[in-house]
>>> print(open('query.cif').read())   # mmCIF, C-alpha atoms
data_model
#
loop_
_atom_site.label_atom_id
_atom_site.label_comp_id
_atom_site.auth_asym_id
_atom_site.auth_seq_id
_atom_site.Cartn_x
_atom_site.Cartn_y
_atom_site.Cartn_z
CA MET C 3 9.76 30.65 -43.57
CA ALA C 4 10.32 34.24 -44.72
CA PHE C 5 9.51 33.19 -48.28
CA VAL C 6 6.25 31.62 -47.15
CA ILE C 7 5.28 34.78 -45.26
CA ARG C 8 6.06 36.99 -48.25
CA GLY C 9 4.13 34.69 -50.57
CA THR C 10 1.13 34.68 -48.26
CA LEU C 11 1.13 38.48 -48.18
CA VAL C 12 1.25 38.63 -51.98
CA ILE C 13 -1.73 36.30 -52.21
CA ALA C 14 -3.70 38.30 -49.64
CA MET C 15 -3.01 41.58 -51.43
CA PHE C 16 -4.05 40.20 -54.82
CA VAL C 17 -7.27 38.69 -53.52
CA ALA C 18 -8.18 41.85 -51.62
CA THR C 19 -8.28 43.80 -54.87
CA LEU C 20 -10.73 41.37 -56.42
CA SER C 21 -13.27 40.07 -53.87
CA ALA C 22 -14.00 39.89 -50.19
CA THR C 23 -13.50 36.51 -48.58
CA ARG C 24 -15.41 34.88 -45.80
CA SER C 25 -13.77 34.46 -42.40
CA ALA C 26 -11.84 31.27 -41.68
CA ASP C 27 -14.47 29.93 -39.27
CA CYS C 28 -17.11 30.23 -42.02
CA ALA C 29 -14.97 28.69 -44.76
CA PRO C 30 -16.63 25.91 -46.79
CA SER C 31 -15.32 22.37 -46.76
CA GLU C 32 -12.83 21.28 -49.41
CA PRO C 33 -13.97 19.81 -52.73
CA PHE C 34 -14.20 16.02 -52.85
CA GLY C 35 -15.20 16.05 -49.17
CA ASN C 36 -11.75 15.10 -47.90
CA ARG C 37 -9.81 16.59 -45.03
CA THR C 38 -6.55 18.30 -45.92
CA VAL C 39 -3.26 19.14 -44.22
CA GLU C 40 -1.53 22.48 -44.80
CA LEU C 41 1.85 22.42 -46.56
CA ALA C 42 4.07 25.30 -45.47
CA TYR C 43 6.87 24.86 -48.01
CA GLY C 44 7.93 22.96 -51.12
CA PRO C 45 8.65 23.51 -54.83
CA LEU C 46 4.98 23.39 -55.83
CA LEU C 47 4.12 26.05 -53.28
CA GLU C 48 6.90 28.25 -54.67
CA LYS C 49 5.49 27.80 -58.17
CA TRP C 50 2.04 28.75 -56.92
CA PHE C 51 3.33 31.90 -55.20
CA ALA C 52 5.18 32.86 -58.38
CA THR C 53 1.97 32.31 -60.35
CA VAL C 54 0.02 34.53 -57.94
CA ASN C 55 2.51 37.32 -58.73
CA LYS C 56 1.72 36.81 -62.41
CA LEU C 57 -2.02 36.98 -61.71
CA GLY C 58 -1.50 40.33 -60.02
CA ARG C 59 0.36 41.54 -63.08
CA ASP C 60 -2.42 40.34 -65.39
CA HIS C 61 -4.98 42.14 -63.21
CA ALA C 62 -2.97 45.36 -63.55
CA LEU C 63 -2.83 44.94 -67.33
CA PHE C 64 -6.60 45.34 -67.58
CA GLY C 65 -6.22 48.97 -66.56
CA ALA C 66 -3.01 49.54 -68.49
CA CYS C 67 -4.43 48.20 -71.74
CA ILE C 68 -7.27 50.72 -72.03
CA ASP C 69 -6.74 52.51 -75.36
CA SER C 70 -3.35 50.81 -75.78
CA ASN C 71 -1.88 48.78 -78.61
CA VAL C 72 0.97 46.96 -76.80
CA SER C 73 1.31 43.33 -77.80
CA GLU C 74 -0.11 41.86 -74.59
CA CYS C 75 -3.26 43.95 -74.85
CA ALA C 76 -4.82 41.81 -77.57
CA ALA C 77 -4.87 38.85 -75.18
CA VAL C 78 -6.12 41.09 -72.35
CA GLN C 79 -9.01 42.26 -74.51
CA ARG C 80 -9.95 38.72 -75.51
CA LEU C 81 -9.93 37.61 -71.88
CA GLY C 82 -11.84 40.74 -70.89
CA ILE C 83 -14.65 39.87 -73.30
CA ILE C 84 -14.93 36.39 -71.74
CA ILE C 85 -15.13 37.88 -68.25
CA GLU C 86 -17.68 40.55 -69.19
CA ASP C 87 -19.84 37.95 -70.94
CA ALA C 88 -19.68 35.79 -67.81
CA LYS C 89 -20.90 38.69 -65.67
CA SER C 90 -24.03 38.89 -67.81
CA GLN C 91 -24.90 35.24 -67.05
CA ASN C 92 -26.88 33.91 -64.10
CA GLY C 93 -26.38 30.92 -61.80
CA LEU C 94 -24.35 28.00 -63.08
CA ALA C 95 -24.27 29.63 -66.52
CA VAL C 96 -21.47 31.85 -65.15
CA LEU C 97 -19.31 28.78 -64.51
CA GLY C 98 -20.37 27.10 -67.72
CA HIS C 99 -19.48 30.15 -69.80
CA ILE C 100 -16.03 30.52 -68.24
CA ASN C 101 -15.31 26.78 -68.60
CA ARG C 102 -16.38 26.68 -72.24
CA ALA C 103 -14.81 29.98 -73.31
CA ILE C 104 -11.40 29.31 -71.71
CA ASN C 105 -11.37 25.76 -73.11
CA PHE C 106 -11.78 27.19 -76.60
CA GLU C 107 -9.54 30.25 -76.09
CA ILE C 108 -6.28 28.53 -75.06
CA LYS C 109 -4.40 26.40 -77.55
CA PRO C 110 -3.59 23.02 -75.96
CA VAL C 111 0.05 21.94 -75.68
CA ALA C 112 1.44 18.71 -74.28
CA ARG C 113 3.17 20.37 -71.34
CA SER C 114 3.76 23.93 -70.18
CA ASP C 115 5.03 25.83 -67.18
CA TRP C 116 2.74 27.49 -64.64
CA LEU C 117 1.39 30.28 -66.85
CA SER C 118 -0.75 33.31 -66.24
CA PRO C 119 -3.93 33.66 -68.34
CA ILE C 120 -2.32 36.24 -70.65
CA GLU C 121 0.74 34.03 -71.17
CA ALA C 122 -1.50 31.03 -71.86
CA ILE C 123 -3.64 32.86 -74.40
CA ASN C 124 -0.52 34.06 -76.20
CA SER C 125 1.43 30.78 -76.18
CA GLY C 126 -0.94 27.91 -75.40
CA GLY C 127 -0.79 25.76 -72.28
CA ASP C 128 -1.56 22.47 -70.61
CA CYS C 129 -4.22 21.69 -67.98
CA LYS C 130 -2.55 24.00 -65.45
CA ALA C 131 -2.94 26.97 -67.79
CA TYR C 132 -6.64 26.24 -68.30
CA ALA C 133 -7.36 25.82 -64.58
CA ILE C 134 -5.37 28.90 -63.54
CA SER C 135 -7.03 31.02 -66.25
CA LYS C 136 -10.49 29.95 -65.05
CA TYR C 137 -9.49 30.72 -61.46
CA PHE C 138 -8.42 34.22 -62.49
CA ALA C 139 -11.43 34.85 -64.74
CA LEU C 140 -13.93 33.88 -62.05
CA LEU C 141 -12.18 36.10 -59.50
CA GLU C 142 -12.41 38.98 -61.97
CA ALA C 143 -16.07 38.14 -62.59
CA GLY C 144 -16.80 38.56 -58.88
CA VAL C 145 -16.74 35.02 -57.49
CA ALA C 146 -15.40 34.98 -53.92
CA ALA C 147 -11.85 33.67 -53.62
CA ASP C 148 -12.92 31.30 -50.83
CA HIS C 149 -15.19 29.55 -53.33
CA LEU C 150 -12.35 28.66 -55.70
CA ARG C 151 -9.84 25.82 -55.47
CA LEU C 152 -7.20 24.63 -57.90
CA VAL C 153 -6.99 20.88 -57.41
CA ILE C 154 -4.24 18.56 -58.63
CA VAL C 155 -5.89 15.22 -59.23
CA ARG C 156 -5.21 11.80 -60.66
CA ALA C 157 -7.62 9.85 -62.83
CA ARG C 158 -8.43 6.48 -61.31
CA GLY C 159 -6.27 3.77 -62.85
CA GLN C 160 -3.86 6.27 -64.44
CA SER C 161 -0.44 7.45 -63.32
CA GLY C 162 -0.36 11.01 -64.66
CA ASN C 163 -1.49 14.06 -62.66
CA HIS C 164 -3.98 16.65 -63.88
CA MET C 165 -5.19 20.06 -62.67
CA VAL C 166 -8.80 21.21 -62.54
CA LEU C 167 -10.68 24.10 -60.95
CA ALA C 168 -13.29 23.41 -58.28
CA VAL C 169 -15.94 26.09 -57.68
CA LEU C 170 -18.36 26.20 -54.77
CA TRP C 171 -21.83 27.13 -55.97
CA GLN C 172 -24.81 26.98 -53.59
CA ASP C 173 -23.15 24.47 -51.26
CA HIS C 174 -21.99 22.20 -54.09
CA TRP C 175 -18.51 21.93 -55.59
CA PHE C 176 -18.39 21.77 -59.39
CA ILE C 177 -15.33 20.72 -61.38
CA LEU C 178 -14.25 22.83 -64.36
CA ASP C 179 -12.01 20.74 -66.59
CA ASN C 180 -10.27 21.42 -69.90
CA LEU C 181 -11.14 17.86 -70.96
CA THR C 182 -14.90 18.48 -70.96
CA LEU C 183 -17.45 21.26 -71.33
CA VAL C 184 -19.68 19.62 -68.72
CA LEU C 185 -19.74 20.93 -65.15
CA VAL C 186 -19.26 17.82 -63.02
CA PRO C 187 -20.18 17.77 -59.29
CA ASP C 188 -17.20 16.68 -57.24
CA GLU C 189 -19.06 13.68 -55.84
CA ALA C 190 -19.64 12.42 -59.39
CA SER C 191 -16.04 12.90 -60.50
CA GLU C 192 -13.75 9.96 -61.14
CA TYR C 193 -10.71 11.94 -60.06
CA VAL C 194 -8.68 11.22 -56.94
CA PRO C 195 -7.66 14.56 -55.33
CA LEU C 196 -4.02 14.99 -54.35
CA LEU C 197 -3.34 18.66 -53.62
CA VAL C 198 -5.45 21.80 -53.37
CA LEU C 199 -4.29 25.41 -53.88
CA ASP C 200 -6.04 28.71 -53.20
CA TYR C 201 -5.38 32.18 -51.82
CA LYS C 202 -4.43 30.65 -48.46
CA GLY C 203 -1.65 28.48 -49.89
CA MET C 204 -1.47 24.74 -50.53
CA ARG C 205 -2.86 21.69 -48.73
CA SER C 206 -2.49 17.96 -49.23
CA TYR C 207 -5.31 15.44 -49.31
CA ILE C 208 -2.85 12.60 -48.92
CA VAL C 209 0.94 12.39 -48.84
CA PRO C 210 1.82 11.53 -52.46
CA ALA C 211 5.13 12.21 -54.18
CA VAL C 212 3.89 14.75 -56.73
CA ASN C 213 6.23 15.99 -59.42
CA TYR C 214 4.22 18.43 -61.48
#
>>> encode(input="query.cif", output="C-alpha cells")
Amino acid sequence: MAFVIRGTLVIAMFVATLSATRSADCAPSEPFGNRTVELAYGPLLEKWFATVNKLGRDHALFGACIDSNVSECAAVQRLGIIIEDAKSQNGLAVLGHINRAINFEIKPVARSDWLSPIEAINSGGDCKAYAISKYFALLEAGVAADHLRLVIVRARGQSGNHMVLAVLWQDHWFILDNLTLVLVPDEASEYVPLLVLDYKGMRSYIVPAVNY
C-alpha cells in the first residue's frame, strides 16, 4: 500500500507541473464507453509508476538541455521541435501532428521495455514507447491530463496485446496508434479495451490475465 501511495504522489506532482486537471466529479467517461474498476496494485501498475518517474526526468531535461551538448539533449531537441510544432496547430491537427511525428520519429522494434520518450527516440521502441511518448508530448503541448488515457487493447480475433493513446477532444475520444496515421474515434475502433492508465493510476475494463 505504501508503494501505491508513493506512486500516486509522484504522478500527481508530475502532472501538476504540466497542466491543471478537472475535478473528479467532472471527469469524462473512459474511452470505448466501458465502465472500469480501479486496480490498486500489480506488476503493470509498478511499471507505470516507474515510467511516470522517467517522464518527470524527461520533463526536467527540457530545461537542463538549453545550450547543452550532452548526449541526451539531441533527442530532447528533436522531441521539443515536435511539441512546439504541435502547439502551433489548431483543433484535431494538434493530435494528428503528434501522432504522425512520433510515429516517424521512433524506430520500431519487435519488443521493448516501458521507455520514456527520450529513451525511445534514442533506442527505438514498441507500441508502448509510441503511446507513452504521445502521452508525454501532448501533456507538454498543454492538453489536460484528464483528457489522456493509455489503453492496453487487443485486436478482435488476435491474441496479442497492444497499447494506444486515447485523447478526449470535444467530447469524443480519438485513438492515436503507431500502426496508422489516421485518428480513429473510439466507437469506430476494432480494438477490445483491457486496461487503462493515466495520472490517477490503472483501471481494468474486464478481468483478463494480461502479461505485457
>>> resolve_selection(input="query.cif", expression="the PyMOL selection byres ((chain C and resi 176) around 8)", output="list of chain:residue names")
C:Ala168, C:Val169, C:Leu170, C:Trp171, C:His174, C:Trp175, C:Ile177, C:Leu178, C:Leu185, C:Val186, C:Pro187, C:Asp188
>>> residues_around(input="query.cif", residues="Arg156 in chain C", least_positions_apart="6", cutoff="9 Å", atoms="all atoms listed in the file", output="mmCIF file with C-alpha atoms, keeping the file's coordinate frame")
data_model
loop_
_atom_site.group_PDB
_atom_site.id
_atom_site.type_symbol
_atom_site.label_atom_id
_atom_site.label_comp_id
_atom_site.auth_asym_id
_atom_site.auth_seq_id
_atom_site.Cartn_x
_atom_site.Cartn_y
_atom_site.Cartn_z
ATOM 1 C CA GLY C 162 -0.360 11.010 -64.660
ATOM 2 C CA ASN C 163 -1.490 14.060 -62.660
ATOM 3 C CA HIS C 164 -3.980 16.650 -63.880
ATOM 4 C CA MET C 165 -5.190 20.060 -62.670
ATOM 5 C CA GLU C 192 -13.750 9.960 -61.140
ATOM 6 C CA TYR C 193 -10.710 11.940 -60.060
ATOM 7 C CA VAL C 194 -8.680 11.220 -56.940
ATOM 8 C CA PRO C 195 -7.660 14.560 -55.330
ATOM 9 C CA LEU C 196 -4.020 14.990 -54.350
#
>>> resolve_selection(input="query.cif", expression="the PyMOL selection byres ((chain C and resi 122-126) around 8)", output="list in words")
Glu74, Ala77, Glu107, Ile108, Lys109, Pro110, Val111, Leu117, Ser118, Pro119, Ile120, Glu121, Gly127, Asp128, Ala131, Tyr132 and Ser135 of chain C
>>> residues_around(input="query.cif", residues="Asp87 in chain C", least_positions_apart="6", cutoff="12 Å", atoms="only C-alpha atoms", output="ChimeraX atom specification")
/C:80-81,95-100,102-103,139-140,142-143
>>> closest_residue(input="query.cif", among="C:Phe64, C:Gln172, C:Gly58, C:Phe34", to="Gly93 in chain C", atoms="only C-alpha atoms")
C:Gln172
>>> closest_residue(input="query.cif", among="C:Leu197, C:Cys67, C:Leu46, C:Leu152", to="Ile134 in chain C", atoms="all atoms listed in the file")
C:Leu152
>>> closest_residue(input="query.cif", among="C:Asn180, C:Ile85, C:Ala190, C:Leu150", to="Phe106 in chain C", atoms="only C-alpha atoms")
C:Asn180
>>> atom_distance(input="query.cif", atom1="CA of Val166 in chain C", atom2="CA of Ala66 in chain C")
29.5 Å
>>> resolve_selection(input="query.cif", expression="the PyMOL selection byres ((chain C and resi 38) around 9)", output="ChimeraX atom specification")
/C:32,36-37,39-40,197-198,205-208
>>> atom_distance(input="query.cif", atom1="CA of Gly203 in chain C", atom2="CA of Lys136 in chain C")
17.6 Å
